[in-house]
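Below is data.pdb, holding PDB, N, CA and C atoms, pLDDT in the B column.
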```
ATOM      1  N   PRO E   1      13.787   1.971   2.228  1.00 84.00           N
ATOM      2  CA  PRO E   1      12.745   1.565   1.307  1.00 84.00           C
ATOM      3  C   PRO E   1      11.997   0.311   1.756  1.00 84.00           C
ATOM      4  N   LYS E   2      12.707  -0.606   2.384  1.00 84.00           N
ATOM      5  CA  LYS E   2      12.043  -1.853   2.785  1.00 84.00           C
ATOM      6  C   LYS E   2      10.936  -1.587   3.794  1.00 84.00           C
ATOM      7  N   GLY E   3      11.202  -0.764   4.792  1.00 87.00           N
ATOM      8  CA  GLY E   3      10.187  -0.445   5.792  1.00 87.00           C
ATOM      9  C   GLY E   3       9.014   0.311   5.190  1.00 87.00           C
ATOM     10  N   ALA E   4       9.312   1.228   4.276  1.00 87.00           N
ATOM     11  CA  ALA E   4       8.243   1.991   3.631  1.00 87.00           C
ATOM     12  C   ALA E   4       7.352   1.085   2.792  1.00 87.00           C
ATOM     13  N   ILE E   5       7.959   0.178   2.075  1.00 87.00           N
ATOM     14  CA  ILE E   5       7.175  -0.750   1.249  1.00 87.00           C
ATOM     15  C   ILE E   5       6.314  -1.645   2.121  1.00 87.00           C
ATOM     16  N   GLU E   6       6.860  -2.110   3.232  1.00 87.00           N
ATOM     17  CA  GLU E   6       6.077  -2.973   4.121  1.00 87.00           C
ATOM     18  C   GLU E   6       4.865  -2.242   4.682  1.00 87.00           C
ATOM     19  N   VAL E   7       4.996  -0.951   4.914  1.00 89.00           N
ATOM     20  CA  VAL E   7       3.866  -0.180   5.440  1.00 89.00           C
ATOM     21  C   VAL E   7       2.891   0.186   4.325  1.00 89.00           C
ATOM     22  N   LEU E   8       3.425   0.707   3.212  1.00 87.00           N
ATOM     23  CA  LEU E   8       2.563   1.208   2.141  1.00 87.00           C
ATOM     24  C   LEU E   8       1.860   0.101   1.360  1.00 87.00           C
ATOM     25  N   LYS E   9       2.507  -1.016   1.200  1.00 89.00           N
ATOM     26  CA  LYS E   9       1.956  -2.099   0.372  1.00 89.00           C
ATOM     27  C   LYS E   9       1.595  -3.327   1.207  1.00 89.00           C
ATOM     28  N   ASN E  10       1.261  -3.137   2.467  1.00 87.00           N
ATOM     29  CA  ASN E  10       1.016  -4.249   3.379  1.00 87.00           C
ATOM     30  C   ASN E  10      -0.109  -5.161   2.904  1.00 87.00           C
ATOM     31  N   LYS E  11      -1.211  -4.598   2.447  1.00 90.00           N
ATOM     32  CA  LYS E  11      -2.346  -5.433   2.023  1.00 90.00           C
ATOM     33  C   LYS E  11      -1.980  -6.296   0.825  1.00 90.00           C
ATOM     34  N   LYS E  12      -1.264  -5.694  -0.140  1.00 89.00           N
ATOM     35  CA  LYS E  12      -0.909  -6.448  -1.337  1.00 89.00           C
ATOM     36  C   LYS E  12       0.138  -7.511  -1.020  1.00 89.00           C
ATOM     37  N   ILE E  13       1.086  -7.183  -0.130  1.00 88.00           N
ATOM     38  CA  ILE E  13       2.109  -8.160   0.250  1.00 88.00           C
ATOM     39  C   ILE E  13       1.483  -9.340   0.984  1.00 88.00           C
ATOM     40  N   SER E  14       0.557  -9.062   1.882  1.00 88.00           N
ATOM     41  CA  SER E  14      -0.060 -10.150   2.642  1.00 88.00           C
ATOM     42  C   SER E  14      -1.002 -10.996   1.785  1.00 88.00           C
ATOM     43  N   ALA E  15      -1.395 -10.490   0.621  1.00 90.00           N
ATOM     44  CA  ALA E  15      -2.281 -11.247  -0.262  1.00 90.00           C
ATOM     45  C   ALA E  15      -1.535 -12.372  -0.985  1.00 90.00           C
ATOM     46  N   PHE E  16      -0.215 -12.267  -1.109  1.00 88.00           N
ATOM     47  CA  PHE E  16       0.564 -13.325  -1.765  1.00 88.00           C
ATOM     48  C   PHE E  16       0.629 -14.547  -0.861  1.00 88.00           C
ATOM     49  N   GLU E  17       0.397 -15.712  -1.442  1.00 89.00           N
ATOM     50  CA  GLU E  17       0.503 -16.959  -0.685  1.00 89.00           C
ATOM     51  C   GLU E  17       1.872 -17.600  -0.887  1.00 89.00           C
ATOM     52  N   ASN E  18       2.465 -17.391  -2.044  1.00 90.00           N
ATOM     53  CA  ASN E  18       3.762 -17.967  -2.362  1.00 90.00           C
ATOM     54  C   ASN E  18       4.868 -17.012  -1.893  1.00 90.00           C
ATOM     55  N   ASP E  19       5.816 -17.543  -1.115  1.00 89.00           N
ATOM     56  CA  ASP E  19       6.897 -16.703  -0.584  1.00 89.00           C
ATOM     57  C   ASP E  19       7.801 -16.155  -1.687  1.00 89.00           C
ATOM     58  N   ASP E  20       8.037 -16.933  -2.720  1.00 91.00           N
ATOM     59  CA  ASP E  20       8.898 -16.470  -3.813  1.00 91.00           C
ATOM     60  C   ASP E  20       8.265 -15.287  -4.539  1.00 91.00           C
ATOM     61  N   GLU E  21       6.956 -15.385  -4.805  1.00 90.00           N
ATOM     62  CA  GLU E  21       6.248 -14.285  -5.461  1.00 90.00           C
ATOM     63  C   GLU E  21       6.237 -13.051  -4.567  1.00 90.00           C
ATOM     64  N   ARG E  22       6.019 -13.246  -3.272  1.00 90.00           N
ATOM     65  CA  ARG E  22       6.004 -12.137  -2.319  1.00 90.00           C
ATOM     66  C   ARG E  22       7.367 -11.427  -2.298  1.00 90.00           C
ATOM     67  N   ASN E  23       8.438 -12.202  -2.207  1.00 90.00           N
ATOM     68  CA  ASN E  23       9.777 -11.619  -2.164  1.00 90.00           C
ATOM     69  C   ASN E  23      10.127 -10.905  -3.467  1.00 90.00           C
ATOM     70  N   ALA E  24       9.691 -11.465  -4.585  1.00 92.00           N
ATOM     71  CA  ALA E  24       9.933 -10.827  -5.880  1.00 92.00           C
ATOM     72  C   ALA E  24       9.180  -9.501  -5.963  1.00 92.00           C
ATOM     73  N   TYR E  25       7.942  -9.489  -5.492  1.00 92.00           N
ATOM     74  CA  TYR E  25       7.158  -8.251  -5.503  1.00 92.00           C
ATOM     75  C   TYR E  25       7.789  -7.195  -4.599  1.00 92.00           C
ATOM     76  N   ILE E  26       8.247  -7.596  -3.417  1.00 91.00           N
ATOM     77  CA  ILE E  26       8.872  -6.654  -2.487  1.00 91.00           C
ATOM     78  C   ILE E  26      10.145  -6.069  -3.104  1.00 91.00           C
ATOM     79  N   ALA E  27      10.956  -6.914  -3.731  1.00 93.00           N
ATOM     80  CA  ALA E  27      12.190  -6.440  -4.361  1.00 93.00           C
ATOM     81  C   ALA E  27      11.891  -5.454  -5.485  1.00 93.00           C
ATOM     82  N   GLN E  28      10.885  -5.753  -6.292  1.00 93.00           N
ATOM     83  CA  GLN E  28      10.512  -4.867  -7.392  1.00 93.00           C
ATOM     84  C   GLN E  28       9.948  -3.549  -6.859  1.00 93.00           C
ATOM     85  N   ALA E  29       9.129  -3.614  -5.813  1.00 93.00           N
ATOM     86  CA  ALA E  29       8.550  -2.408  -5.228  1.00 93.00           C
ATOM     87  C   ALA E  29       9.632  -1.554  -4.568  1.00 93.00           C
ATOM     88  N   GLU E  30      10.635  -2.186  -3.963  1.00 93.00           N
ATOM     89  CA  GLU E  30      11.740  -1.433  -3.363  1.00 93.00           C
ATOM     90  C   GLU E  30      12.533  -0.684  -4.423  1.00 93.00           C
ATOM     91  N   GLU E  31      12.775  -1.310  -5.559  1.00 92.00           N
ATOM     92  CA  GLU E  31      13.510  -0.639  -6.641  1.00 92.00           C
ATOM     93  C   GLU E  31      12.724   0.554  -7.175  1.00 92.00           C
ATOM     94  N   GLU E  32      11.410   0.385  -7.349  1.00 91.00           N
ATOM     95  CA  GLU E  32      10.576   1.508  -7.795  1.00 91.00           C
ATOM     96  C   GLU E  32      10.610   2.649  -6.784  1.00 91.00           C
ATOM     97  N   TYR E  33      10.555   2.314  -5.497  1.00 90.00           N
ATOM     98  CA  TYR E  33      10.588   3.322  -4.439  1.00 90.00           C
ATOM     99  C   TYR E  33      11.922   4.070  -4.462  1.00 90.00           C
ATOM    100  N   LYS E  34      13.021   3.338  -4.630  1.00 87.00           N
ATOM    101  CA  LYS E  34      14.339   3.977  -4.689  1.00 87.00           C
ATOM    102  C   LYS E  34      14.430   4.941  -5.860  1.00 87.00           C
ATOM    103  N   GLU E  35      13.896   4.545  -7.013  1.00 86.00           N
ATOM    104  CA  GLU E  35      13.939   5.405  -8.195  1.00 86.00           C
ATOM    105  C   GLU E  35      13.100   6.665  -8.021  1.00 86.00           C
ATOM    106  N   LYS E  36      11.928   6.534  -7.379  1.00 85.00           N
ATOM    107  CA  LYS E  36      11.015   7.659  -7.269  1.00 85.00           C
ATOM    108  C   LYS E  36      11.298   8.569  -6.079  1.00 85.00           C
ATOM    109  N   PHE E  37      11.677   8.010  -4.927  1.00 82.00           N
ATOM    110  CA  PHE E  37      11.745   8.806  -3.702  1.00 82.00           C
ATOM    111  C   PHE E  37      13.113   8.840  -3.034  1.00 82.00           C
ATOM    112  N   ALA E  38      13.835   7.751  -3.028  1.00 82.00           N
ATOM    113  CA  ALA E  38      15.114   7.671  -2.316  1.00 82.00           C
ATOM    114  C   ALA E  38      16.267   7.985  -3.271  1.00 82.00           C
ATOM    115  N   ASN E  39      16.132   9.076  -3.998  1.00 83.00           N
ATOM    116  CA  ASN E  39      17.087   9.433  -5.021  1.00 83.00           C
ATOM    117  C   ASN E  39      17.387  10.924  -4.895  1.00 83.00           C
ATOM    118  N   PRO E  40      18.636  11.328  -4.705  1.00 86.00           N
ATOM    119  CA  PRO E  40      18.922  12.752  -4.534  1.00 86.00           C
ATOM    120  C   PRO E  40      18.649  13.567  -5.797  1.00 86.00           C
ATOM    121  N   PHE E  41      18.704  12.946  -6.951  1.00 86.00           N
ATOM    122  CA  PHE E  41      18.483  13.683  -8.186  1.00 86.00           C
ATOM    123  C   PHE E  41      17.026  14.093  -8.340  1.00 86.00           C
ATOM    124  N   VAL E  42      16.115  13.307  -7.826  1.00 84.00           N
ATOM    125  CA  VAL E  42      14.694  13.676  -7.847  1.00 84.00           C
ATOM    126  C   VAL E  42      14.467  14.895  -6.955  1.00 84.00           C
ATOM    127  N   ALA E  43      15.065  14.887  -5.769  1.00 83.00           N
ATOM    128  CA  ALA E  43      14.928  16.019  -4.852  1.00 83.00           C
ATOM    129  C   ALA E  43      15.556  17.279  -5.446  1.00 83.00           C
ATOM    130  N   ALA E  44      16.685  17.139  -6.125  1.00 86.00           N
ATOM    131  CA  ALA E  44      17.342  18.297  -6.750  1.00 86.00           C
ATOM    132  C   ALA E  44      16.501  18.840  -7.900  1.00 86.00           C
ATOM    133  N   SER E  45      15.868  17.979  -8.665  1.00 86.00           N
ATOM    134  CA  SER E  45      15.053  18.440  -9.789  1.00 86.00           C
ATOM    135  C   SER E  45      13.815  19.194  -9.321  1.00 86.00           C
ATOM    136  N   LYS E  46      13.339  18.889  -8.116  1.00 85.00           N
ATOM    137  CA  LYS E  46      12.174  19.584  -7.574  1.00 85.00           C
ATOM    138  C   LYS E  46      12.548  20.797  -6.740  1.00 85.00           C
ATOM    139  N   GLY E  47      13.848  21.044  -6.570  1.00 87.00           N
ATOM    140  CA  GLY E  47      14.300  22.225  -5.849  1.00 87.00           C
ATOM    141  C   GLY E  47      14.357  22.070  -4.342  1.00 87.00           C
ATOM    142  N   TYR E  48      14.240  20.847  -3.842  1.00 87.00           N
ATOM    143  CA  TYR E  48      14.310  20.630  -2.399  1.00 87.00           C
ATOM    144  C   TYR E  48      15.732  20.766  -1.872  1.00 87.00           C
ATOM    145  N   ILE E  49      16.724  20.478  -2.710  1.00 87.00           N
ATOM    146  CA  ILE E  49      18.124  20.642  -2.343  1.00 87.00           C
ATOM    147  C   ILE E  49      18.812  21.454  -3.429  1.00 87.00           C
ATOM    148  N   ASP E  50      19.920  22.102  -3.075  1.00 87.00           N
ATOM    149  CA  ASP E  50      20.609  22.978  -4.016  1.00 87.00           C
ATOM    150  C   ASP E  50      21.391  22.204  -5.068  1.00 87.00           C
ATOM    151  N   SER E  51      22.136  21.203  -4.649  1.00 86.00           N
ATOM    152  CA  SER E  51      22.925  20.444  -5.614  1.00 86.00           C
ATOM    153  C   SER E  51      23.252  19.072  -5.046  1.00 86.00           C
ATOM    154  N   VAL E  52      23.682  18.194  -5.937  1.00 89.00           N
ATOM    155  CA  VAL E  52      24.115  16.859  -5.552  1.00 89.00           C
ATOM    156  C   VAL E  52      25.610  16.797  -5.840  1.00 89.00           C
ATOM    157  N   ILE E  53      26.398  16.490  -4.815  1.00 91.00           N
ATOM    158  CA  ILE E  53      27.843  16.409  -5.003  1.00 91.00           C
ATOM    159  C   ILE E  53      28.305  14.981  -4.783  1.00 91.00           C
ATOM    160  N   GLU E  54      29.392  14.639  -5.437  1.00 91.00           N
ATOM    161  CA  GLU E  54      29.980  13.320  -5.276  1.00 91.00           C
ATOM    162  C   GLU E  54      30.705  13.258  -3.935  1.00 91.00           C
ATOM    163  N   PRO E  55      30.755  12.101  -3.291  1.00 92.00           N
ATOM    164  CA  PRO E  55      31.452  11.994  -2.010  1.00 92.00           C
ATOM    165  C   PRO E  55      32.912  12.431  -2.077  1.00 92.00           C
ATOM    166  N   SER E  56      33.559  12.225  -3.209  1.00 95.00           N
ATOM    167  CA  SER E  56      34.962  12.615  -3.335  1.00 95.00           C
ATOM    168  C   SER E  56      35.142  14.132  -3.383  1.00 95.00           C
ATOM    169  N   GLU E  57      34.078  14.878  -3.648  1.00 94.00           N
ATOM    170  CA  GLU E  57      34.146  16.340  -3.713  1.00 94.00           C
ATOM    171  C   GLU E  57      33.699  17.020  -2.428  1.00 94.00           C
ATOM    172  N   THR E  58      33.301  16.265  -1.427  1.00 94.00           N
ATOM    173  CA  THR E  58      32.757  16.831  -0.194  1.00 94.00           C
ATOM    174  C   THR E  58      33.750  17.748   0.502  1.00 94.00           C
ATOM    175  N   ARG E  59      34.989  17.324   0.636  1.00 96.00           N
ATOM    176  CA  ARG E  59      36.001  18.124   1.327  1.00 96.00           C
ATOM    177  C   ARG E  59      36.180  19.475   0.646  1.00 96.00           C
ATOM    178  N   LYS E  60      36.214  19.480  -0.674  1.00 95.00           N
ATOM    179  CA  LYS E  60      36.387  20.727  -1.427  1.00 95.00           C
ATOM    180  C   LYS E  60      35.229  21.693  -1.152  1.00 95.00           C
ATOM    181  N   TYR E  61      34.004  21.194  -1.126  1.00 92.00           N
ATOM    182  CA  TYR E  61      32.839  22.043  -0.883  1.00 92.00           C
ATOM    183  C   TYR E  61      32.817  22.584   0.551  1.00 92.00           C
ATOM    184  N   ILE E  62      33.218  21.753   1.506  1.00 93.00           N
ATOM    185  CA  ILE E  62      33.246  22.213   2.903  1.00 93.00           C
ATOM    186  C   ILE E  62      34.298  23.298   3.078  1.00 93.00           C
ATOM    187  N   ILE E  63      35.475  23.107   2.501  1.00 94.00           N
ATOM    188  CA  ILE E  63      36.533  24.113   2.602  1.00 94.00           C
ATOM    189  C   ILE E  63      36.076  25.417   1.976  1.00 94.00           C
ATOM    190  N   HIS E  64      35.447  25.354   0.831  1.00 93.00           N
ATOM    191  CA  HIS E  64      34.953  26.571   0.173  1.00 93.00           C
ATOM    192  C   HIS E  64      33.900  27.279   1.030  1.00 93.00           C
ATOM    193  N   ALA E  65      32.982  26.524   1.596  1.00 90.00           N
ATOM    194  CA  ALA E  65      31.925  27.125   2.420  1.00 90.00           C
ATOM    195  C   ALA E  65      32.513  27.798   3.655  1.00 90.00           C
ATOM    196  N   LEU E  66      33.524  27.181   4.269  1.00 92.00           N
ATOM    197  CA  LEU E  66      34.157  27.777   5.442  1.00 92.00           C
ATOM    198  C   LEU E  66      34.942  29.035   5.076  1.00 92.00           C
ATOM    199  N   GLU E  67      35.608  29.027   3.921  1.00 92.00           N
ATOM    200  CA  GLU E  67      36.343  30.210   3.489  1.00 92.00           C
ATOM    201  C   GLU E  67      35.405  31.372   3.197  1.00 92.00           C
ATOM    202  N   VAL E  68      34.288  31.093   2.565  1.00 90.00           N
ATOM    203  CA  VAL E  68      33.328  32.152   2.221  1.00 90.00           C
ATOM    204  C   VAL E  68      32.680  32.726   3.471  1.00 90.00           C
ATOM    205  N   SER E  69      32.329  31.877   4.411  1.00 88.00           N
ATOM    206  CA  SER E  69      31.614  32.355   5.594  1.00 88.00           C
ATOM    207  C   SER E  69      32.540  32.705   6.754  1.00 88.00           C
ATOM    208  N   GLY E  70      33.841  32.529   6.583  1.00 83.00           N
ATOM    209  CA  GLY E  70      34.782  32.804   7.671  1.00 83.00           C
ATOM    210  C   GLY E  70      34.869  34.263   8.055  1.00 83.00           C
ATOM    211  N   HIS E  71      34.673  35.157   7.103  1.00 82.00           N
ATOM    212  CA  HIS E  71      34.795  36.592   7.365  1.00 82.00           C
ATOM    213  C   HIS E  71      33.443  37.287   7.390  1.00 82.00           C
ATOM    214  N   LYS E  72      32.414  36.530   7.524  1.00 79.00           N
ATOM    215  CA  LYS E  72      31.067  37.092   7.503  1.00 79.00           C
ATOM    216  C   LYS E  72      30.796  37.869   8.789  1.00 79.00           C
ATOM    217  N   ASP E  73      30.196  39.034   8.633  1.00 78.00           N
ATOM    218  CA  ASP E  73      29.826  39.854   9.779  1.00 78.00           C
ATOM    219  C   ASP E  73      28.311  39.779   9.945  1.00 78.00           C
ATOM    220  N   ALA E  74      27.889  39.181  11.036  1.00 74.00           N
ATOM    221  CA  ALA E  74      26.457  39.023  11.295  1.00 74.00           C
ATOM    222  C   ALA E  74      26.019  40.106  12.267  1.00 74.00           C
ATOM    223  N   GLY E  75      26.108  41.358  11.832  1.00 75.00           N
ATOM    224  CA  GLY E  75      25.722  42.466  12.697  1.00 75.00           C
ATOM    225  C   GLY E  75      24.223  42.586  12.822  1.00 75.00           C
ATOM    226  N   MET E  76      23.795  42.953  13.994  1.00 74.00           N
ATOM    227  CA  MET E  76      22.367  43.124  14.233  1.00 74.00           C
ATOM    228  C   MET E  76      22.004  44.591  14.012  1.00 74.00           C
ATOM    229  N   PRO E  77      20.836  44.874  13.480  1.00 73.00           N
ATOM    230  CA  PRO E  77      20.430  46.276  13.298  1.00 73.00           C
ATOM    231  C   PRO E  77      20.165  46.936  14.650  1.00 73.00           C
ATOM    232  N   ARG E  78      20.351  48.246  14.673  1.00 74.00           N
ATOM    233  CA  ARG E  78      20.082  48.984  15.907  1.00 74.00           C
ATOM    234  C   ARG E  78      18.594  48.957  16.201  1.00 74.00           C
ATOM    235  N   LYS E  79      18.282  49.067  17.471  1.00 71.00           N
ATOM    236  CA  LYS E  79      16.864  49.105  17.855  1.00 71.00           C
ATOM    237  C   LYS E  79      16.251  50.418  17.403  1.00 71.00           C
ATOM    238  N   LYS E  80      15.062  50.354  16.880  1.00 70.00           N
ATOM    239  CA  LYS E  80      14.379  51.569  16.431  1.00 70.00           C
ATOM    240  C   LYS E  80      13.654  52.239  17.581  1.00 70.00           C
ATOM    241  N   HIS E  81      13.180  51.448  18.506  1.00 71.00           N
ATOM    242  CA  HIS E  81      12.399  51.987  19.611  1.00 71.00           C
ATOM    243  C   HIS E  81      12.873  51.374  20.917  1.00 71.00           C
ATOM    244  N   GLY E  82      12.819  52.158  21.942  1.00 70.00           N
ATOM    245  CA  GLY E  82      13.111  51.619  23.255  1.00 70.00           C
ATOM    246  C   GLY E  82      11.879  50.950  23.827  1.00 70.00           C
ATOM    247  N   ILE E  83      11.972  50.509  25.044  1.00 75.00           N
ATOM    248  CA  ILE E  83      10.841  49.881  25.694  1.00 75.00           C
ATOM    249  C   ILE E  83       9.932  50.997  26.209  1.00 75.00           C
ATOM    250  N   PRO E  84       8.663  51.019  25.779  1.00 71.00           N
ATOM    251  CA  PRO E  84       7.761  52.099  26.218  1.00 71.00           C
ATOM    252  C   PRO E  84       7.387  51.934  27.692  1.00 71.00           C
ATOM    253  N   PRO E  85       7.174  53.021  28.369  1.00 72.00           N
ATOM    254  CA  PRO E  85       6.768  52.925  29.778  1.00 72.00           C
ATOM    255  C   PRO E  85       5.327  52.425  29.886  1.00 72.00           C
ATOM    256  N   PHE E  86       5.088  51.664  30.885  1.00 67.00           N
ATOM    257  CA  PHE E  86       3.735  51.133  31.114  1.00 67.00           C
ATOM    258  C   PHE E  86       3.161  51.679  32.392  1.00 67.00           C
TER     259      PHE E  86
END
```
What is this file in C-alpha cells?
Amino acid sequence: PKGAIEVLKNKKISAFENDDERNAYIAQAEEEYKEKFANPFVAASKGYIDSVIEPSETRKYIIHALEVSGHKDAGMPRKKHGIPPF
C-alpha cells in the first residue's frame, strides 16, 4: 500500500509542506487503500477468488484438495481426424 499511495497520490503528498501533516495523510491513505483493495474479503465478494481461509485451516484444505484430485483421470479425447495429405 505504501508504494501504491506514493504513486497514486504523489501530487497531493508533495503539496504538503509540514512533514507531520504529510505523514498523517500517507498513513490515512494507506489505511483506506488496505480497506478497499488490499483485503481478501473484497476480492471474494467480487468473485475474484473462491473463498478466504484462515491460516490455521490451510493444511486441512490442501489435504482435501490432494485427496480429491489424487485419483483424477485426465484422459485425452481420441482424435477425430488424421492429418490430411497435402
Checklist entry - Mind telling me what the PyMOL selection byres (((chain E and resi 33 and name CA) around 12) and name CA) catches here, as a PyMOL selection string? => result chain E and resi 1-6+8-9+26-32+34-39+42
Next, the residues of the selection above should be written as an mmCIF file, keeping the file's coordinate frame with N, CA and C atoms.
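Done, and the output landed in result_10.cif:
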```
data_model
loop_
_atom_site.group_PDB
_atom_site.id
_atom_site.type_symbol
_atom_site.label_atom_id
_atom_site.label_comp_id
_atom_site.auth_asym_id
_atom_site.auth_seq_id
_atom_site.Cartn_x
_atom_site.Cartn_y
_atom_site.Cartn_z
ATOM 1 N N PRO E 1 13.787 1.971 2.228
ATOM 2 C CA PRO E 1 12.745 1.565 1.307
ATOM 3 C C PRO E 1 11.997 0.311 1.756
ATOM 4 N N LYS E 2 12.707 -0.606 2.384
ATOM 5 C CA LYS E 2 12.043 -1.853 2.785
ATOM 6 C C LYS E 2 10.936 -1.587 3.794
ATOM 7 N N GLY E 3 11.202 -0.764 4.792
ATOM 8 C CA GLY E 3 10.187 -0.445 5.792
ATOM 9 C C GLY E 3 9.014 0.311 5.190
ATOM 10 N N ALA E 4 9.312 1.228 4.276
ATOM 11 C CA ALA E 4 8.243 1.991 3.631
ATOM 12 C C ALA E 4 7.352 1.085 2.792
ATOM 13 N N ILE E 5 7.959 0.178 2.075
ATOM 14 C CA ILE E 5 7.175 -0.750 1.249
ATOM 15 C C ILE E 5 6.314 -1.645 2.121
ATOM 16 N N GLU E 6 6.860 -2.110 3.232
ATOM 17 C CA GLU E 6 6.077 -2.973 4.121
ATOM 18 C C GLU E 6 4.865 -2.242 4.682
ATOM 19 N N LEU E 8 3.425 0.707 3.212
ATOM 20 C CA LEU E 8 2.563 1.208 2.141
ATOM 21 C C LEU E 8 1.860 0.101 1.360
ATOM 22 N N LYS E 9 2.507 -1.016 1.200
ATOM 23 C CA LYS E 9 1.956 -2.099 0.372
ATOM 24 C C LYS E 9 1.595 -3.327 1.207
ATOM 25 N N ILE E 26 8.247 -7.596 -3.417
ATOM 26 C CA ILE E 26 8.872 -6.654 -2.487
ATOM 27 C C ILE E 26 10.145 -6.069 -3.104
ATOM 28 N N ALA E 27 10.956 -6.914 -3.731
ATOM 29 C CA ALA E 27 12.190 -6.440 -4.361
ATOM 30 C C ALA E 27 11.891 -5.454 -5.485
ATOM 31 N N GLN E 28 10.885 -5.753 -6.292
ATOM 32 C CA GLN E 28 10.512 -4.867 -7.392
ATOM 33 C C GLN E 28 9.948 -3.549 -6.859
ATOM 34 N N ALA E 29 9.129 -3.614 -5.813
ATOM 35 C CA ALA E 29 8.550 -2.408 -5.228
ATOM 36 C C ALA E 29 9.632 -1.554 -4.568
ATOM 37 N N GLU E 30 10.635 -2.186 -3.963
ATOM 38 C CA GLU E 30 11.740 -1.433 -3.363
ATOM 39 C C GLU E 30 12.533 -0.684 -4.423
ATOM 40 N N GLU E 31 12.775 -1.310 -5.559
ATOM 41 C CA GLU E 31 13.510 -0.639 -6.641
ATOM 42 C C GLU E 31 12.724 0.554 -7.175
ATOM 43 N N GLU E 32 11.410 0.385 -7.349
ATOM 44 C CA GLU E 32 10.576 1.508 -7.795
ATOM 45 C C GLU E 32 10.610 2.649 -6.784
ATOM 46 N N LYS E 34 13.021 3.338 -4.630
ATOM 47 C CA LYS E 34 14.339 3.977 -4.689
ATOM 48 C C LYS E 34 14.430 4.941 -5.860
ATOM 49 N N GLU E 35 13.896 4.545 -7.013
ATOM 50 C CA GLU E 35 13.939 5.405 -8.195
ATOM 51 C C GLU E 35 13.100 6.665 -8.021
ATOM 52 N N LYS E 36 11.928 6.534 -7.379
ATOM 53 C CA LYS E 36 11.015 7.659 -7.269
ATOM 54 C C LYS E 36 11.298 8.569 -6.079
ATOM 55 N N PHE E 37 11.677 8.010 -4.927
ATOM 56 C CA PHE E 37 11.745 8.806 -3.702
ATOM 57 C C PHE E 37 13.113 8.840 -3.034
ATOM 58 N N ALA E 38 13.835 7.751 -3.028
ATOM 59 C CA ALA E 38 15.114 7.671 -2.316
ATOM 60 C C ALA E 38 16.267 7.985 -3.271
ATOM 61 N N ASN E 39 16.132 9.076 -3.998
ATOM 62 C CA ASN E 39 17.087 9.433 -5.021
ATOM 63 C C ASN E 39 17.387 10.924 -4.895
ATOM 64 N N VAL E 42 16.115 13.307 -7.826
ATOM 65 C CA VAL E 42 14.694 13.676 -7.847
ATOM 66 C C VAL E 42 14.467 14.895 -6.955
#
```
Checklist entry - atom CA of E:Arg59 and atom CA of E:Asp73 are how many Å apart? => result 24.1 Å
Please put the answer as JSON: centre and edge lengths, in Å with one decimal, of a box along x, y and z that encloses all listed atoms of stretch 29-42 of chain E plus 3 Å on each side.
```
{"center_x": 13.7, "center_y": 5.6, "center_z": -5.3, "size_x": 16.4, "size_y": 24.5, "size_z": 12.0}
```
Item to check | Distance in Å - atom C of E:Thr58 versus atom N of E:Ala74 | outcome: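 That distance, rounded to one decimal, is 24.6 Å.
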Next on the checklist: Just the number, please: distance in Å from atom C of E:Ile53 to atom CA of E:Phe41, one decimal.
Outcome noted: 10.5 Å
